[in-house]
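Trainee: Below you'll find data-v2.cif; it's mmCIF, C-alpha atoms and all ligand atoms.
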data_query
loop_
_atom_site.label_atom_id
_atom_site.label_comp_id
_atom_site.auth_asym_id
_atom_site.auth_seq_id
_atom_site.Cartn_x
_atom_site.Cartn_y
_atom_site.Cartn_z
CA MET A 1 61.96 18.06 17.30
CA GLY A 2 64.99 16.60 15.58
CA LYS A 3 65.37 15.74 11.92
CA PRO A 4 64.26 12.16 11.23
CA THR A 5 66.22 9.59 9.24
CA LEU A 6 64.60 7.28 6.71
CA TYR A 7 66.54 4.15 5.79
CA GLY A 8 65.97 2.70 2.33
CA PRO A 9 66.62 3.32 -1.36
CA ASP A 10 64.56 5.82 -3.33
CA TYR A 11 63.54 3.08 -5.80
CA SER A 12 61.64 1.15 -3.10
CA THR A 13 57.88 1.57 -3.29
CA TYR A 14 57.40 1.47 0.47
CA VAL A 15 60.22 3.95 1.02
CA ARG A 16 58.49 6.26 -1.47
CA THR A 17 55.24 5.89 0.49
CA VAL A 18 56.97 7.32 3.56
CA ARG A 19 58.76 9.97 1.49
CA MET A 20 55.40 11.11 0.14
CA ALA A 21 54.01 11.33 3.68
CA LEU A 22 57.07 13.32 4.82
CA ALA A 23 56.74 15.63 1.81
CA GLU A 24 53.05 16.19 2.49
CA LYS A 25 53.87 17.13 6.09
CA GLN A 26 56.79 19.28 4.85
CA VAL A 27 59.23 17.44 7.10
CA ASP A 28 62.95 17.76 6.40
CA TYR A 29 64.68 14.37 6.72
CA THR A 30 67.82 12.45 5.88
CA LEU A 31 67.51 9.55 3.45
CA VAL A 32 70.08 6.78 4.02
CA PRO A 33 69.89 4.65 0.85
CA VAL A 34 70.19 1.04 2.13
CA ASP A 35 70.56 -0.81 -1.19
CA ILE A 36 68.41 -3.96 -0.99
CA MET A 37 69.52 -5.02 -4.50
CA THR A 38 73.10 -5.57 -3.32
CA GLY A 39 72.18 -7.38 -0.11
CA GLU A 40 72.68 -4.36 2.15
CA GLY A 41 69.28 -5.07 3.71
CA GLN A 42 70.79 -8.20 5.24
CA SER A 43 73.79 -6.39 6.73
CA ALA A 44 74.18 -6.45 10.51
CA ALA A 45 73.72 -2.67 10.63
CA HIS A 46 70.39 -2.84 8.82
CA LEU A 47 69.14 -5.98 10.59
CA ALA A 48 69.59 -4.04 13.84
CA ARG A 49 67.06 -1.52 12.48
CA HIS A 50 64.77 -4.04 10.80
CA PRO A 51 65.06 -7.71 11.86
CA PHE A 52 63.33 -8.83 8.64
CA GLY A 53 65.89 -7.02 6.48
CA LYS A 54 63.30 -4.94 4.64
CA VAL A 55 62.98 -1.24 3.98
CA PRO A 56 61.93 1.28 5.14
CA ALA A 57 63.15 1.77 8.69
CA PHE A 58 62.85 5.11 10.44
CA GLU A 59 64.46 6.97 13.32
CA HIS A 60 63.28 10.12 15.06
CA ASP A 61 64.94 11.57 18.17
CA GLY A 62 66.23 8.10 19.10
CA PHE A 63 62.88 6.39 18.47
CA MET A 64 63.24 3.53 15.96
CA VAL A 65 60.28 2.15 14.03
CA TYR A 66 59.89 -0.17 11.04
CA GLU A 67 56.84 -1.28 8.99
CA THR A 68 55.49 1.29 6.56
CA GLY A 69 52.04 1.49 8.17
CA ALA A 70 53.54 2.28 11.57
CA ILE A 71 56.05 4.78 10.14
CA ALA A 72 53.54 6.66 7.97
CA ARG A 73 51.02 6.97 10.81
CA TYR A 74 53.79 8.10 13.18
CA VAL A 75 54.85 10.77 10.66
CA ASP A 76 51.25 11.89 10.27
CA GLU A 77 50.75 12.30 14.01
CA ALA A 78 54.22 13.48 15.10
CA PHE A 79 54.51 16.44 12.77
CA PRO A 80 52.26 19.47 12.37
CA GLY A 81 50.22 20.18 9.30
CA ARG A 82 47.23 18.69 7.57
CA THR A 83 46.48 15.11 8.57
CA LEU A 84 46.80 12.37 5.94
CA VAL A 85 44.02 10.32 7.57
CA PRO A 86 40.44 11.31 6.66
CA GLY A 87 38.28 12.52 9.53
CA ASP A 88 35.22 10.87 8.03
CA LEU A 89 34.73 7.34 9.35
CA ARG A 90 33.85 5.75 6.01
CA ALA A 91 36.54 7.58 4.05
CA ARG A 92 38.99 6.35 6.70
CA ALA A 93 37.69 2.79 6.32
CA ARG A 94 38.19 3.04 2.54
CA MET A 95 41.70 4.36 3.04
CA ASN A 96 42.58 1.45 5.31
CA GLN A 97 40.91 -0.97 2.88
CA ILE A 98 42.93 0.35 -0.09
CA ILE A 99 46.14 0.09 1.95
CA GLY A 100 45.18 -3.48 2.89
CA VAL A 101 44.52 -4.41 -0.75
CA ILE A 102 47.91 -3.03 -1.77
CA ASP A 103 49.82 -4.69 1.09
CA GLY A 104 48.00 -7.99 0.70
CA TYR A 105 47.66 -8.32 -3.08
CA ALA A 106 48.53 -5.41 -5.40
CA TYR A 107 52.14 -4.78 -4.34
CA ASP A 108 53.04 -8.36 -5.20
CA ALA A 109 50.88 -8.47 -8.34
CA PHE A 110 51.85 -5.10 -9.84
CA VAL A 111 55.49 -4.88 -8.79
CA TRP A 112 56.72 -8.48 -8.67
CA LYS A 113 54.41 -10.41 -10.97
CA VAL A 114 54.35 -7.72 -13.68
CA PHE A 115 57.09 -5.07 -13.39
CA ILE A 116 59.97 -7.20 -12.09
CA GLU A 117 59.01 -10.20 -14.25
CA ARG A 118 58.67 -8.00 -17.35
CA ASN A 119 62.16 -6.60 -16.61
CA ALA A 120 63.60 -9.93 -15.47
CA GLU A 121 66.78 -9.57 -17.53
CA GLY A 122 67.82 -6.55 -15.47
CA PHE A 123 66.50 -7.60 -12.07
CA LEU A 124 66.72 -11.41 -12.09
CA ARG A 125 69.39 -12.05 -14.74
CA ARG A 126 67.09 -14.33 -16.74
CA PRO A 127 64.57 -13.93 -19.56
CA THR A 128 61.01 -12.85 -18.83
CA ASP A 129 58.76 -15.80 -18.03
CA GLU A 130 55.71 -15.01 -20.20
CA ALA A 131 53.79 -17.95 -18.76
CA ALA A 132 54.29 -16.58 -15.24
CA ILE A 133 52.93 -13.18 -16.29
CA ALA A 134 49.95 -14.81 -18.01
CA ALA A 135 49.27 -16.92 -14.92
CA ALA A 136 49.35 -13.81 -12.72
CA MET A 137 46.91 -11.84 -14.88
CA PRO A 138 43.67 -12.95 -13.18
CA ARG A 139 45.02 -11.72 -9.83
CA VAL A 140 46.39 -8.54 -11.44
CA ARG A 141 42.99 -7.79 -13.00
CA THR A 142 41.25 -8.44 -9.70
CA CYS A 143 43.56 -5.89 -8.06
CA VAL A 144 42.84 -3.28 -10.74
CA ASP A 145 39.09 -3.89 -10.52
CA ALA A 146 39.08 -3.78 -6.71
CA LEU A 147 41.04 -0.53 -6.59
CA GLU A 148 38.84 0.99 -9.30
CA ALA A 149 35.76 0.10 -7.22
CA LEU A 150 37.23 1.49 -3.99
CA ALA A 151 38.65 4.76 -5.37
CA ALA A 152 36.68 7.95 -4.90
CA ASP A 153 35.62 9.75 -8.06
CA GLY A 154 38.06 12.63 -7.85
CA ALA A 155 41.63 13.83 -7.72
CA PHE A 156 42.46 11.73 -4.64
CA LEU A 157 41.57 8.17 -3.66
CA CYS A 158 39.66 8.98 -0.45
CA GLY A 159 38.03 12.38 -0.62
CA ASP A 160 39.06 15.94 -1.25
CA SER A 161 42.70 15.77 -0.22
CA LEU A 162 45.64 13.42 -0.43
CA SER A 163 45.57 10.61 2.16
CA LEU A 164 47.80 7.68 3.07
CA ALA A 165 45.93 5.63 0.43
CA ASP A 166 47.48 7.82 -2.28
CA CYS A 167 50.89 7.44 -0.62
CA TRP A 168 50.49 3.65 -0.91
CA LEU A 169 49.16 3.46 -4.46
CA VAL A 170 51.32 6.05 -6.27
CA PRO A 171 54.60 4.11 -5.88
CA VAL A 172 53.23 0.75 -7.04
CA MET A 173 51.25 2.36 -9.87
CA GLY A 174 54.46 4.05 -11.00
CA TYR A 175 56.08 0.68 -11.67
CA PHE A 176 52.92 -0.99 -12.96
CA THR A 177 52.26 1.70 -15.57
CA ALA A 178 55.89 1.58 -16.69
CA THR A 179 54.95 -1.74 -18.35
CA ALA A 180 52.74 -2.09 -21.43
CA ASP A 181 50.67 -4.67 -19.52
CA GLY A 182 50.00 -2.23 -16.68
CA SER A 183 49.32 0.85 -18.76
CA ALA A 184 46.89 -1.11 -20.97
CA LEU A 185 44.95 -2.29 -17.91
CA LEU A 186 44.93 1.19 -16.37
CA ALA A 187 43.62 2.68 -19.61
CA LYS A 188 40.48 0.55 -19.24
CA THR A 189 39.64 2.13 -15.88
CA ARG A 190 37.80 5.40 -15.47
CA ARG A 191 38.47 6.57 -11.91
CA LEU A 192 41.97 5.19 -11.54
CA SER A 193 43.21 6.51 -14.89
CA ARG A 194 41.85 10.00 -14.15
CA TRP A 195 43.35 9.85 -10.66
CA TRP A 196 46.72 8.78 -12.06
CA SER A 197 46.89 11.51 -14.68
CA SER A 198 45.86 14.25 -12.25
CA ILE A 199 48.00 13.19 -9.29
CA ALA A 200 51.22 12.94 -11.34
CA SER A 201 51.93 16.66 -11.03
CA HIS A 202 51.15 16.82 -7.30
CA PRO A 203 54.32 18.08 -5.53
CA SER A 204 54.75 15.08 -3.18
CA VAL A 205 54.35 12.75 -6.18
CA ALA A 206 56.60 14.58 -8.67
CA GLY A 207 59.15 15.30 -5.94
CA THR A 208 59.58 11.66 -4.88
CA ALA A 209 59.95 9.96 -8.27
CA PRO A 210 62.89 7.51 -8.13
CA ALA A 211 66.05 9.11 -9.50
CA GLY A 212 67.10 6.14 -11.63
N1 LIG A 301 55.81 -5.14 5.56
C1 LIG A 301 56.84 -4.25 5.09
C2 LIG A 301 57.15 -4.54 3.63
C3 LIG A 301 58.30 -3.72 3.12
C4 LIG A 301 58.86 -4.30 1.83
O1 LIG A 301 58.40 -5.31 1.29
N2 LIG A 301 59.90 -3.63 1.33
C5 LIG A 301 60.59 -4.13 0.17
C6 LIG A 301 60.98 -2.98 -0.77
S1 LIG A 301 59.62 -2.11 -1.43
C7 LIG A 301 61.89 -4.79 0.62
O2 LIG A 301 62.46 -4.38 1.60
N3 LIG A 301 62.37 -5.81 -0.11
C8 LIG A 301 63.64 -6.40 0.16
C9 LIG A 301 63.55 -7.85 0.47
O3 LIG A 301 62.44 -8.39 0.52
O4 LIG A 301 64.61 -8.42 0.71
C10 LIG A 301 56.41 -2.80 5.30
O5 LIG A 301 55.22 -2.53 5.30
O6 LIG A 301 57.28 -1.94 5.47
#
For the structure just supplied, provide its representation as structure tokens.

Mentor:
Amino acid sequence: MGKPTLYGPDYSTYVRTVRMALAEKQVDYTLVPVDIMTGEGQSAAHLARHPFGKVPAFEHDGFMVYETGAIARYVDEAFPGRTLVPGDLRARARMNQIIGVIDGYAYDAFVWKVFIERNAEGFLRRPTDEAAIAAAMPRVRTCVDALEALAADGAFLCGDSLSLADCWLVPVMGYFTATADGSALLAKTRRLSRWWSSIASHPSVAGTAPAG
């Protein structure tokens, strides 16, 4: 099998999700850093890979696929090694539920409503809108509480080994806990805060931290 190519910058949470999956499967790959902050996501070359102009996109032996869920599951099944999907039905349901909560609610709440807004000067070229952060807090707390309730009581979110749920949550938690708001909320949790401190040194986590 040929070496796959992952399109997207290392600072993207969803790109990191796929990078973690590739690292777990010990797959060598080429990262092409499409810079979404400079509008490169809307270039003709990238729109040909991803008609919605998002990252990541992925290519393997001429097969193109976009959407993180499709890419990560392809990586899990296409390459040898331990599967990142639990064999147990209920652990698998929890994994899919956690991924759904992140895609549907926590990515927006943790990354956009807290991290980007808190760092609005750098990202949005305007001051932080404190009222917007305050208004988002009920949703942010609901996300933290939901994830705390769904997480297994151990080193990984869904059982004894790292699953796709960890690949989804690590990148967004990285940005969330880089803010005082996020780290204060995490400190109030029991399972999530233990998970976060123990998973930080895991090779696929430490090895995929954004360079900048
Ligand atoms: N549904 C997409 C979402 C991907 C996504 O939102 N990626 C963000 C970066 S983490 C992005 O491309 N943002 C650029 C933009 O929205 O223009 C997936 O699952 O891959």

Trainee: A:Ile36, A:Leu31, A:Val111, A:Val65: which is nearest Gly53 of chain A, counting all atoms listed in the file?

Mentor: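 When distances to Gly53 of chain A are compared using all atoms listed in the file, the smallest one comes from A:Ile36.
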
Trainee: I'd like to know which of A:Val172, A:Ala134, A:Leu22, A:Val101 is closest to ligand LIG 301 (chain A), using only C-alpha atoms and all ligand atoms.

Mentor: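 Between A:Val172, A:Ala134, A:Leu22, A:Val101, the residue approaching ligand LIG 301 (chain A) most closely is A:Val172.
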
Trainee: Please identify every polymer residue within 7 Å of ligand LIG 301 (chain A), using only C-alpha atoms and all ligand atoms, and present the set as an mmCIF file with C-alpha atoms, in the coordinates of the input.

Mentor:
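Result file selection-v9.cif:
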data_model
loop_
_atom_site.group_PDB
_atom_site.id
_atom_site.type_symbol
_atom_site.label_atom_id
_atom_site.label_comp_id
_atom_site.auth_asym_id
_atom_site.auth_seq_id
_atom_site.Cartn_x
_atom_site.Cartn_y
_atom_site.Cartn_z
ATOM 1 C CA SER A 12 61.640 1.150 -3.100
ATOM 2 C CA THR A 13 57.880 1.570 -3.290
ATOM 3 C CA TYR A 14 57.400 1.470 0.470
ATOM 4 C CA VAL A 15 60.220 3.950 1.020
ATOM 5 C CA ILE A 36 68.410 -3.960 -0.990
ATOM 6 C CA GLY A 41 69.280 -5.070 3.710
ATOM 7 C CA GLY A 53 65.890 -7.020 6.480
ATOM 8 C CA LYS A 54 63.300 -4.940 4.640
ATOM 9 C CA VAL A 55 62.980 -1.240 3.980
ATOM 10 C CA PRO A 56 61.930 1.280 5.140
ATOM 11 C CA TYR A 66 59.890 -0.170 11.040
ATOM 12 C CA GLU A 67 56.840 -1.280 8.990
ATOM 13 C CA THR A 68 55.490 1.290 6.560
ATOM 14 C CA GLY A 69 52.040 1.490 8.170
#

Trainee: When you look at segment 102-107 of chain A with a cut-off of 12 Å (counting only C-alpha atoms), what residues show up, excluding the ones that are within fewer than 6 positions of it in the same chain? I need them as JSON, numbers by chain.

Mentor: {"A": [12, 13, 14, 17, 67, 68, 69, 95, 96, 113, 114, 115, 116, 136, 137, 138, 139, 140, 141, 142, 143, 144, 145, 146, 147, 150, 164, 165, 166, 167, 168, 169, 170, 171, 172, 173, 174, 175, 176, 182]}

Trainee: When distances are computed from only C-alpha atoms, which of A:Ala57, A:Met1, A:Leu162, A:Met64 shows the smallest separation from Val32 of chain A?

Mentor: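 With only C-alpha atoms as the atom set, the closest residue is A:Ala57.
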
Trainee: How many Å separate atom CA of Arg190 of chain A from atom CA of Gly212 of chain A?

Mentor: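 Interatomic distance here is 29.6 Å.
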
Trainee: Can you work out which one of A:Phe63, A:Trp112, A:Phe52, A:Phe58 has the shortest atom-to-atom distance to Leu6 of chain A, counting all atoms listed in the file?

Mentor: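 For Leu6 of chain A, the nearest of the given residues is A:Phe58.
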
Trainee: With distances taken over only C-alpha atoms, which residue among A:Ala21, A:Ala45, A:Ile99, A:Leu89 lies nearest Ile71 of chain A?

Mentor: A:Ala21
